[in-house]
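Quick look at work_22.tsv (TSV, C-alpha atoms):
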chain	number	residue	atom	x	y	z
T	5	MET	CA	-20.61	-9.74	-10.17
T	6	PRO	CA	-16.98	-10.32	-9.15
T	7	GLN	CA	-16.09	-8.60	-5.90
T	8	ILE	CA	-12.97	-7.21	-4.23
T	9	LYS	CA	-12.81	-8.73	-0.74
T	10	ALA	CA	-9.81	-7.21	1.02
T	11	ILE	CA	-6.44	-5.53	0.82
T	12	ASN	CA	-4.20	-8.58	0.87
T	13	HIS	CA	-0.64	-7.30	0.92
T	14	VAL	CA	1.64	-4.39	0.34
T	15	ALA	CA	4.98	-5.18	-1.33
T	16	ILE	CA	7.99	-2.95	-0.67
T	17	VAL	CA	11.18	-3.17	-2.70
T	18	VAL	CA	14.28	-2.81	-0.51
T	19	GLU	CA	18.04	-2.63	-1.03
T	20	ASP	CA	18.82	-4.94	1.84
T	21	MET	CA	16.78	-6.70	4.52
T	22	ALA	CA	18.60	-5.65	7.69
T	23	LYS	CA	17.29	-2.13	8.16
T	24	PRO	CA	13.68	-2.75	7.10
T	25	LEU	CA	13.53	-5.87	9.31
T	26	ALA	CA	14.87	-3.80	12.21
T	27	PHE	CA	11.72	-1.73	11.77
T	28	TRP	CA	9.00	-4.18	10.68
T	29	ARG	CA	10.01	-7.13	12.83
T	30	ASP	CA	12.11	-5.82	15.72
T	31	ALA	CA	10.52	-2.43	16.39
T	32	LEU	CA	6.94	-2.83	15.16
T	33	GLY	CA	6.76	-6.41	16.41
T	34	LEU	CA	5.46	-8.18	13.31
T	35	GLU	CA	6.27	-11.86	12.98
T	36	LEU	CA	8.73	-12.76	10.23
T	37	HIS	CA	6.71	-15.67	8.96
T	38	GLU	CA	9.12	-16.63	6.20
T	39	LEU	CA	12.24	-15.36	4.43
T	40	ARG	CA	12.03	-17.06	1.06
T	41	ASP	CA	14.40	-17.17	-1.89
T	42	VAL	CA	12.44	-16.94	-5.13
T	43	PRO	CA	14.93	-17.80	-7.91
T	44	ALA	CA	12.27	-17.42	-10.61
T	45	GLU	CA	11.94	-13.74	-9.67
T	46	LYS	CA	15.62	-13.33	-8.70
T	47	SER	CA	14.45	-12.06	-5.34
T	48	GLN	CA	14.39	-12.78	-1.67
T	49	ILE	CA	11.05	-12.03	-0.02
T	50	ALA	CA	10.27	-11.50	3.66
T	51	PHE	CA	6.64	-12.26	4.55
T	52	LEU	CA	5.29	-10.50	7.64
T	53	PRO	CA	1.61	-11.20	8.40
T	54	VAL	CA	-0.60	-8.26	9.44
T	55	GLY	CA	-4.14	-9.22	10.41
T	56	ASN	CA	-5.55	-11.16	7.45
T	57	GLY	CA	-2.97	-9.68	5.10
T	58	GLU	CA	0.75	-9.11	5.07
T	59	VAL	CA	3.65	-6.82	4.37
T	60	GLU	CA	6.21	-8.20	1.92
T	61	LEU	CA	9.77	-6.94	1.67
T	62	VAL	CA	11.29	-7.78	-1.71
T	63	ARG	CA	15.07	-7.65	-2.21
T	64	PRO	CA	16.55	-8.26	-5.67
T	65	THR	CA	19.23	-10.97	-5.70
T	66	SER	CA	20.46	-10.12	-9.21
T	67	ASP	CA	21.10	-6.85	-11.02
T	68	ASP	CA	19.30	-7.89	-14.19
T	69	SER	CA	15.82	-8.63	-12.83
T	70	GLY	CA	12.78	-6.46	-13.28
T	71	ILE	CA	12.67	-5.73	-9.58
T	72	ALA	CA	16.37	-4.71	-9.57
T	73	LYS	CA	15.72	-2.29	-12.42
T	74	TYR	CA	12.72	-0.88	-10.57
T	75	LEU	CA	14.91	-0.34	-7.50
T	76	ALA	CA	17.69	1.27	-9.54
T	77	LYS	CA	15.24	3.66	-11.20
T	78	ARG	CA	13.01	4.62	-8.30
T	79	GLY	CA	14.83	3.68	-5.12
T	80	GLN	CA	13.32	1.86	-2.19
T	81	GLY	CA	9.58	2.06	-1.59
T	82	MET	CA	6.24	0.64	-2.54
T	83	HIS	CA	6.33	-1.81	-5.44
T	84	HIS	CA	2.66	-2.82	-5.61
T	85	PHE	CA	-0.32	-3.60	-3.52
T	86	CYS	CA	-2.60	-6.54	-3.86
T	87	LEU	CA	-6.35	-6.95	-3.58
T	88	GLU	CA	-8.14	-10.23	-3.06
T	89	VAL	CA	-10.95	-10.90	-5.54
T	90	ASP	CA	-13.49	-13.74	-5.46
T	91	ASP	CA	-13.61	-14.30	-9.25
T	92	ILE	CA	-10.48	-13.16	-11.06
T	93	GLU	CA	-11.58	-14.26	-14.55
T	94	GLY	CA	-14.84	-12.37	-14.15
T	95	MET	CA	-13.03	-9.31	-12.85
T	96	MET	CA	-10.51	-9.34	-15.71
T	97	SER	CA	-13.36	-9.48	-18.24
T	98	GLN	CA	-15.04	-6.59	-16.47
T	99	LEU	CA	-11.83	-4.53	-16.50
T	100	LYS	CA	-11.27	-5.22	-20.21
T	101	ALA	CA	-14.82	-4.15	-20.99
T	102	LYS	CA	-14.06	-0.84	-19.22
T	103	ASN	CA	-10.83	-0.36	-21.20
T	104	ILE	CA	-8.57	-0.65	-18.18
T	105	ARG	CA	-4.91	-1.11	-19.12
T	106	LEU	CA	-3.73	-4.53	-17.93
T	107	ILE	CA	-0.24	-5.97	-17.60
T	108	ASN	CA	-1.54	-9.55	-17.75
T	109	GLU	CA	-4.39	-10.04	-20.18
T	110	GLU	CA	-5.19	-13.38	-18.55
T	111	PRO	CA	-4.61	-14.49	-14.95
T	112	ARG	CA	-1.39	-16.36	-14.22
T	113	THR	CA	-1.10	-19.21	-11.76
T	114	SER	CA	1.64	-19.24	-9.13
T	115	ALA	CA	3.47	-22.35	-7.92
T	116	ASP	CA	1.04	-22.67	-4.99
T	117	GLY	CA	-2.03	-22.53	-7.24
T	118	LYS	CA	-3.00	-18.93	-6.60
T	119	LYS	CA	-4.34	-17.02	-9.61
T	120	TYR	CA	-3.08	-13.47	-10.05
T	121	ALA	CA	-2.82	-10.62	-12.53
T	122	PHE	CA	-1.39	-7.11	-12.56
T	123	ILE	CA	-3.10	-3.88	-13.60
T	124	HIS	CA	-1.06	-1.10	-15.18
T	125	PRO	CA	-0.42	2.04	-13.05
T	126	GLU	CA	-1.67	4.22	-15.90
T	127	SER	CA	-5.25	3.22	-15.09
T	128	THR	CA	-5.05	3.23	-11.29
T	129	GLY	CA	-3.59	6.62	-10.35
T	130	GLY	CA	0.06	5.63	-10.58
T	131	VAL	CA	0.17	2.44	-8.51
T	132	LEU	CA	0.84	-1.09	-9.67
T	133	VAL	CA	-2.13	-3.15	-8.49
T	134	GLU	CA	-2.20	-6.94	-8.22
T	135	LEU	CA	-5.43	-8.92	-8.12
T	136	TYR	CA	-5.39	-12.38	-6.70
T	137	GLN	CA	-7.80	-15.19	-6.03
T	138	LEU	CA	-7.06	-18.04	-3.61
W	14	MET	CA	2.83	-5.14	24.26
W	15	PRO	CA	1.20	-2.88	21.64
W	16	GLN	CA	0.11	-4.78	18.56
W	17	ILE	CA	-0.46	-4.05	14.88
W	18	LYS	CA	-3.96	-5.31	14.04
W	19	ALA	CA	-4.49	-4.76	10.32
W	20	ILE	CA	-3.63	-2.89	7.15
W	21	ASN	CA	-6.18	-0.09	7.34
W	22	HIS	CA	-5.79	1.92	4.18
W	23	VAL	CA	-3.61	2.73	1.22
W	24	ALA	CA	-3.51	6.40	0.17
W	25	ILE	CA	-2.79	7.30	-3.45
W	26	VAL	CA	-2.02	10.84	-4.58
W	27	VAL	CA	-3.68	11.68	-7.89
W	28	GLU	CA	-3.73	14.60	-10.32
W	29	ASP	CA	-7.45	14.45	-10.84
W	30	MET	CA	-10.26	12.18	-9.71
W	31	ALA	CA	-11.92	11.23	-12.99
W	32	LYS	CA	-9.52	8.61	-14.33
W	33	PRO	CA	-8.74	6.88	-11.03
W	34	LEU	CA	-12.47	6.76	-10.17
W	35	ALA	CA	-13.14	5.24	-13.58
W	36	PHE	CA	-10.91	2.40	-12.43
W	37	TRP	CA	-11.53	2.04	-8.67
W	38	ARG	CA	-15.26	2.70	-8.69
W	39	ASP	CA	-16.59	2.06	-12.18
W	40	ALA	CA	-14.38	-0.83	-13.34
W	41	LEU	CA	-13.33	-2.54	-10.09
W	42	GLY	CA	-16.73	-1.94	-8.52
W	43	LEU	CA	-15.71	-0.40	-5.19
W	44	GLU	CA	-18.25	1.83	-3.49
W	45	LEU	CA	-17.37	5.53	-3.40
W	46	HIS	CA	-18.31	5.97	0.23
W	47	GLU	CA	-17.46	9.66	0.41
W	48	LEU	CA	-15.78	12.40	-1.63
W	49	ARG	CA	-14.69	14.85	1.04
W	50	ASP	CA	-13.07	18.28	0.84
W	51	VAL	CA	-10.44	18.62	3.54
W	52	PRO	CA	-9.52	22.33	3.61
W	53	ALA	CA	-7.02	21.81	6.45
W	54	GLU	CA	-4.97	19.59	4.14
W	55	LYS	CA	-5.87	21.49	0.96
W	56	SER	CA	-7.07	18.25	-0.52
W	57	GLN	CA	-10.09	16.38	-1.76
W	58	ILE	CA	-10.18	12.75	-0.66
W	59	ALA	CA	-12.21	9.89	-2.14
W	60	PHE	CA	-12.84	7.07	0.35
W	61	LEU	CA	-13.49	3.63	-1.16
W	62	PRO	CA	-13.98	0.84	1.40
W	63	VAL	CA	-12.29	-2.53	0.76
W	64	GLY	CA	-13.11	-5.25	3.28
W	65	ASN	CA	-12.31	-3.79	6.71
W	66	GLY	CA	-10.00	-1.18	5.19
W	67	GLU	CA	-10.11	1.29	2.34
W	68	VAL	CA	-8.39	2.85	-0.62
W	69	GLU	CA	-8.07	6.63	-0.44
W	70	LEU	CA	-7.50	8.84	-3.47
W	71	VAL	CA	-6.02	12.19	-2.49
W	72	ARG	CA	-6.12	15.13	-4.90
W	73	PRO	CA	-4.42	18.42	-3.97
W	74	THR	CA	-6.72	21.44	-4.23
W	75	SER	CA	-3.91	23.99	-3.93
W	76	ASP	CA	-0.41	24.18	-5.39
W	77	ASP	CA	1.26	25.11	-2.11
W	78	SER	CA	0.28	22.13	0.02
W	79	GLY	CA	2.59	19.33	1.09
W	80	ILE	CA	0.61	16.86	-0.97
W	81	ALA	CA	0.81	19.10	-4.06
W	82	LYS	CA	4.58	19.28	-3.68
W	83	TYR	CA	4.77	15.53	-3.30
W	84	LEU	CA	2.76	15.13	-6.51
W	85	ALA	CA	4.91	17.65	-8.39
W	86	LYS	CA	8.10	15.90	-7.32
W	87	ARG	CA	7.13	12.24	-7.68
W	88	GLY	CA	4.04	12.10	-9.83
W	89	GLN	CA	0.95	10.08	-9.11
W	90	GLY	CA	1.22	7.00	-6.95
W	91	MET	CA	1.29	5.69	-3.43
W	92	HIS	CA	1.50	8.37	-0.77
W	93	HIS	CA	1.42	6.25	2.38
W	94	PHE	CA	-0.15	3.22	3.89
W	95	CYS	CA	-1.71	2.94	7.28
W	96	LEU	CA	-1.66	0.24	9.93
W	97	GLU	CA	-4.13	-0.04	12.79
W	98	VAL	CA	-2.53	-0.38	16.23
W	99	ASP	CA	-4.27	-1.12	19.53
W	100	ASP	CA	-2.06	1.17	21.68
W	101	ILE	CA	-0.46	3.99	19.73
W	102	GLU	CA	1.30	5.62	22.71
W	103	GLY	CA	2.84	2.30	23.67
W	104	MET	CA	3.90	1.66	20.10
W	105	MET	CA	5.46	5.12	19.72
W	106	SER	CA	7.50	4.54	22.90
W	107	GLN	CA	8.61	1.18	21.58
W	108	LEU	CA	9.65	2.68	18.23
W	109	LYS	CA	11.60	5.49	19.94
W	110	ALA	CA	13.41	2.95	22.12
W	111	LYS	CA	14.47	1.18	18.92
W	112	ASN	CA	15.70	4.45	17.35
W	113	ILE	CA	13.12	4.45	14.57
W	114	ARG	CA	12.89	7.79	12.78
W	115	LEU	CA	9.47	9.33	13.38
W	116	ILE	CA	7.74	12.25	11.68
W	117	ASN	CA	5.42	12.81	14.67
W	118	GLU	CA	7.14	12.33	18.01
W	119	GLU	CA	3.74	12.16	19.72
W	120	PRO	CA	0.41	10.98	18.30
W	121	ARG	CA	-1.88	13.62	16.83
W	122	THR	CA	-5.65	13.56	17.13
W	123	SER	CA	-7.86	14.05	14.08
W	124	ALA	CA	-11.18	15.91	14.05
W	125	ASP	CA	-13.04	12.63	14.53
W	126	GLY	CA	-10.99	11.64	17.58
W	127	LYS	CA	-8.68	9.14	15.90
W	128	LYS	CA	-5.07	9.13	17.10
W	129	TYR	CA	-2.40	8.88	14.42
W	130	ALA	CA	1.29	9.35	13.75
W	131	PHE	CA	3.63	8.99	10.78
W	132	ILE	CA	6.91	7.07	10.58
W	133	HIS	CA	9.71	8.31	8.33
W	134	PRO	CA	10.41	6.33	5.13
W	135	GLU	CA	14.09	6.18	6.05
W	136	SER	CA	13.34	3.54	8.68
W	137	THR	CA	10.73	1.51	6.80
W	138	GLY	CA	12.32	0.69	3.44
W	139	GLY	CA	11.24	3.84	1.62
W	140	VAL	CA	7.52	4.00	2.42
W	141	LEU	CA	5.68	6.55	4.50
W	142	VAL	CA	3.81	4.56	7.16
W	143	GLU	CA	0.92	5.86	9.24
W	144	LEU	CA	-0.13	4.27	12.50
W	145	TYR	CA	-3.59	4.87	13.81
W	146	GLN	CA	-5.72	3.87	16.75
W	147	LEU	CA	-9.51	4.17	16.73
Kindly present the structure from the file in structure tokens form.
Amino acid sequence: MPQIKAINHVAIVVEDMAKPLAFWRDALGLELHELRDVPAEKSQIAFLPVGNGEVELVRPTSDDSGIAKYLAKRGQGMHHFCLEVDDIEGMMSQLKAKNIRLINEEPRTSADGKKYAFIHPESTGGVLVELYQL
Amino acid sequence: MPQIKAINHVAIVVEDMAKPLAFWRDALGLELHELRDVPAEKSQIAFLPVGNGEVELVRPTSDDSGIAKYLAKRGQGMHHFCLEVDDIEGMMSQLKAKNIRLINEEPRTSADGKKYAFIHPESTGGVLVELYQL
């Protein structure tokens, strides 16, 4: 049986980086591990490790991206949170068999080889949930 | 220096328990550790452990509670997420010195002896953040 192993990260969509970094990095003391431009997602992402997981701050760099539209509609706040799973294909099959509404029917693979998929908020209690497998 | 140790839990406010439990417990396979009535918060809370943390589903049991008003205004979704800290008093002093907007100026103590405090979304990028110390 596929298993959920941990909460991996929480992603927060922000209007700009300065004020959130003044909290997460400067006041709370988290390390800013990387501030990465992600042209494919028209975003800049700040990665701040927390224990075995991390907080991600996501800032749209274009007005026409999905994340920019999300920000315009809902304002700053949680975008999604991500759970680590040991067998993403197995878990996706299990979710389909239970009629869970998925955003990605099959796992995608990121540039660094990580497999991931998103689950629709309609099935989860209103939150966008990402599954990923290393 | 006080340190953040881990993401402890993600709390999701829900209209009812049946559909979210069909996802989190029945489809994703998390254990429903406890379904607890919390009269002081006019809520019922489902605790589902994930690794060293947990997902919490919070359902208002009265229309006049803070959580019910949050649900009425924003709909289902993320309510807050919680970080474990090793020295909450030290961290609160550090946040005050950095002019972070707090909801609790001093830590509160829960029935089970856990110290906790909330940080205002205005300072964090739009998310309600809880700090807690065991």
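Here the question is which of T:Ala72, T:Val62, T:Ala115, T:Ala44 gets nearest to chain W using all atoms listed in the file, and that residue is T:Val62.
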Please, what distance in Å, to one decimal, runs between CA of Asp68 (chain T) and CA of Ser136 (chain W)? 26.3 Å
Residues of chain W near chain T: apply a cut-off of 6 Å, count all atoms listed in the file, and supply the list as a PyMOL selection string. chain W and resi 18-19+27+33+40+63-64+89-90+108+111+137-140
As lines of an AutoDock Vina configuration file, what would the box around region 129-138 of chain T look like: edges along x, y and z, 4 Å added on every side, centre and edge lengths in Å to one decimal?
center_x = -3.5
center_y = -5.7
center_z = -7.1
size_x = 16.6
size_y = 32.7
size_z = 15.0
Leaving out His46 (chain W) and any residue of its chain fewer than 5 positions from it, which residues lie within 9 Å of it when counting all atoms listed in the file, given as a PyMOL selection string? chain W and resi 59-62
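Across W:Leu144, W:Ala24, W:Arg72, W:Ser78, the tightest approach to Pro120 (chain W) is made by W:Leu144 when counting all atoms listed in the file.
Distance check against Pro64 (chain T) using all atoms listed in the file: of T:Ile49, T:Asp116, T:Gln137, T:Lys77, the minimum falls on T:Ile49.
The space separating CA of Ser114 (chain T) from CA of Asp90 (chain T) comes to 16.5 Å.
For the pair CA of Asp67 (chain T) and CA of Cys86 (chain T), the interatomic distance is 24.8 Å.
Using only C-alpha atoms, every residue with an atom at most 12 Å from the point (8.1, 16.9, 13.5) is listed here: W:Arg114, W:Leu115, W:Ile116, W:Asn117, W:Glu118, W:Glu119, W:Pro120, W:Arg121, W:Ala130, W:Phe131, W:Ile132, W:His133.
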